[in-house]
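Enquirer: Before anything else, here's the structure in question.
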Amino acid sequence: MSLPQLTVYRHDRRKRALITLVGEIDLESAPLVRVSLERCLRDGIRTIDVDLAPVTFCDCSGLNAFLRAAQQTTAASGVLRLHHPPTTLARILDLAGCGFLLLGLPYGHLPPPLGGTPAAPLPAPPHGPVPLAPALWGDVR
């Protein structure tokens, strides 16, 4: 049995959750992201902040999971925001032109492309430091 490539930490505060993802998000681990975010909605969470600072890689399957979660969250009158996306995801968001949907930036005010002038950092998620304990990890099928 191999070690999980992605671990999900969750810290709830009323109807708000801070989800911290640690590891790599790809075709194998994207279902774990999807399930974790859907579980927040089922639990009544309506504001979801996703901290991606510890994510070392994210491909288009991760983007798809975030876009689906954003659509479901919006349909439930909620908000999903990504914080500190890794370089790989920032590049995909830039190419796809959909950062405004996930980063909380006004349309047309996306961070510059890679190699351009750095954008101002996104604000930290609204929760203070919290101890991390895995909420989910491993394979979800």
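In the structure tokens, each chain is lettered A, B, ... as it comes, each chain's residues begin at 1, and ligands are numbered from 1 in order of appearance.
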So that I can see what lies close to Arg46 of chain A, please list as a PDB file with N, CA and C atoms, in the first residue's frame the residues with an atom at most 7 Å from it, counting only C-alpha atoms and leaving out residues fewer than 4 positions away in the same chain.

Expert:
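Output file selection-v3.pdb follows:
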ATOM      1  N   LYS A  15     -20.621  28.350   9.812  1.00  0.00           N
ATOM      2  CA  LYS A  15     -20.937  27.971   8.436  1.00  0.00           C
ATOM      3  C   LYS A  15     -19.771  28.239   7.482  1.00  0.00           C
ATOM      4  N   ARG A  16     -18.568  28.304   8.059  1.00  0.00           N
ATOM      5  CA  ARG A  16     -17.361  28.566   7.276  1.00  0.00           C
ATOM      6  C   ARG A  16     -16.358  27.445   7.552  1.00  0.00           C
ATOM      7  N   LEU A  41     -20.460  21.135   1.905  1.00  0.00           N
ATOM      8  CA  LEU A  41     -21.805  21.614   1.555  1.00  0.00           C
ATOM      9  C   LEU A  41     -22.878  20.779   2.230  1.00  0.00           C
ATOM     10  N   THR A  73     -21.218  25.233  -4.848  1.00  0.00           N
ATOM     11  CA  THR A  73     -21.262  26.163  -3.717  1.00  0.00           C
ATOM     12  C   THR A  73     -22.101  27.381  -4.067  1.00  0.00           C
ATOM     13  N   SER A  77     -25.910  29.017  -2.603  1.00  0.00           N
ATOM     14  CA  SER A  77     -25.787  30.379  -2.072  1.00  0.00           C
ATOM     15  C   SER A  77     -24.544  30.539  -1.196  1.00  0.00           C
ATOM     16  N   GLY A  78     -23.482  29.894  -1.601  1.00  0.00           N
ATOM     17  CA  GLY A  78     -22.237  29.982  -0.854  1.00  0.00           C
ATOM     18  C   GLY A  78     -21.106  30.529  -1.701  1.00  0.00           C
ATOM     19  N   VAL A  79     -19.907  30.504  -1.121  1.00  0.00           N
ATOM     20  CA  VAL A  79     -18.708  31.031  -1.775  1.00  0.00           C
ATOM     21  C   VAL A  79     -17.559  30.063  -1.537  1.00  0.00           C
TER      22      VAL A  79
END

Enquirer: Neighbours of Arg14 of chain A within 12 Å (only C-alpha atoms; same-chain residues fewer than 3 positions away dropped), as a ChimeraX atom specification?

Expert: /A:11,17-18,40,43-48,127

Enquirer: Mind writing the picked residues with C-alpha atoms as an mmCIF file, in the first residue's frame?

Expert:
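Done, and the output landed in out_30.cif:
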data_model
loop_
_atom_site.group_PDB
_atom_site.id
_atom_site.type_symbol
_atom_site.label_atom_id
_atom_site.label_comp_id
_atom_site.auth_asym_id
_atom_site.auth_seq_id
_atom_site.Cartn_x
_atom_site.Cartn_y
_atom_site.Cartn_z
ATOM 1 C CA HIS A 11 -11.344 23.324 10.317
ATOM 2 C CA ALA A 17 -14.603 26.012 6.689
ATOM 3 C CA LEU A 18 -10.895 26.230 6.070
ATOM 4 C CA CYS A 40 -18.633 20.671 3.429
ATOM 5 C CA ASP A 43 -22.633 19.666 6.416
ATOM 6 C CA GLY A 44 -24.153 23.132 5.933
ATOM 7 C CA ILE A 45 -20.908 25.003 5.251
ATOM 8 C CA ARG A 46 -21.531 27.927 2.884
ATOM 9 C CA THR A 47 -18.148 29.693 2.867
ATOM 10 C CA ILE A 48 -15.218 27.474 1.936
ATOM 11 C CA HIS A 127 -8.979 31.689 10.250
#

Enquirer: From the set A:Ala69, A:Ala30, A:Ile25, A:Ile92, which residue has the shortest atom-to-atom contact distance to Asp49 of chain A, counting only C-alpha atoms?

Expert: A:Ala69

Enquirer: Please give the complete set of residues from segment 44-101 of chain A that DSSP, run on the backbone, assigns to strand (DSSP E), formatted as a ChimeraX atom specification.

Expert: /A:47-51,55-58,79-83

Enquirer: What parts of segment 9-127 of chain A does DSSP call helix (DSSP H, G or I)? I'd like the answer as a ChimeraX atom specification.

Expert: /A:30-42,60-75,87-96,99-102

Enquirer: Enter the distance from atom CA of Ser61 of chain A to atom CA of Leu93 of chain A, in Å, rounded to one decimal.

Expert: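 Computed distance, atom CA of Ser61 of chain A to atom CA of Leu93 of chain A, equals 12.2 Å.
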
Enquirer: What's around Val33 of chain A at 9 Å? Count only C-alpha atoms, leave out sequence neighbours fewer than 5 positions away in its own chain, and write the answer as JSON, numbers by chain.

Expert: {"A": [6, 8, 21, 25, 38, 62, 65, 66]}

Enquirer: How far is it from atom CA of Thr7 of chain A to atom CA of Ala90 of chain A, in Å with one decimal?

Expert: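 Taking atom CA of Thr7 of chain A and atom CA of Ala90 of chain A, their separation equals 20.4 Å.
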
Enquirer: Leaving out His83 of chain A and any residue of its chain fewer than 5 positions from it, which residues lie within 6 Å of it when counting only C-alpha atoms, given as a list in words?

Expert: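 Close residues of His83 of chain A: Val50, Asp51 and Leu52 of chain A.
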
Enquirer: Since we have the selection now, will you write its residues out, keeping C-alpha atoms, as a CSV table (one decimal), in the first residue's frame?

Expert:
chain,number,residue,atom,x,y,z
A,50,VAL,CA,-9.1,26.4,0.4
A,51,ASP,CA,-5.5,26.9,1.4
A,52,LEU,CA,-3.3,25.5,-1.3

Enquirer: Using atom CA of Arg68 of chain A and atom CA of Gly23 of chain A as the two end points, give the distance in Å to one decimal.

Expert: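 Those two atoms sit 20.4 Å apart.
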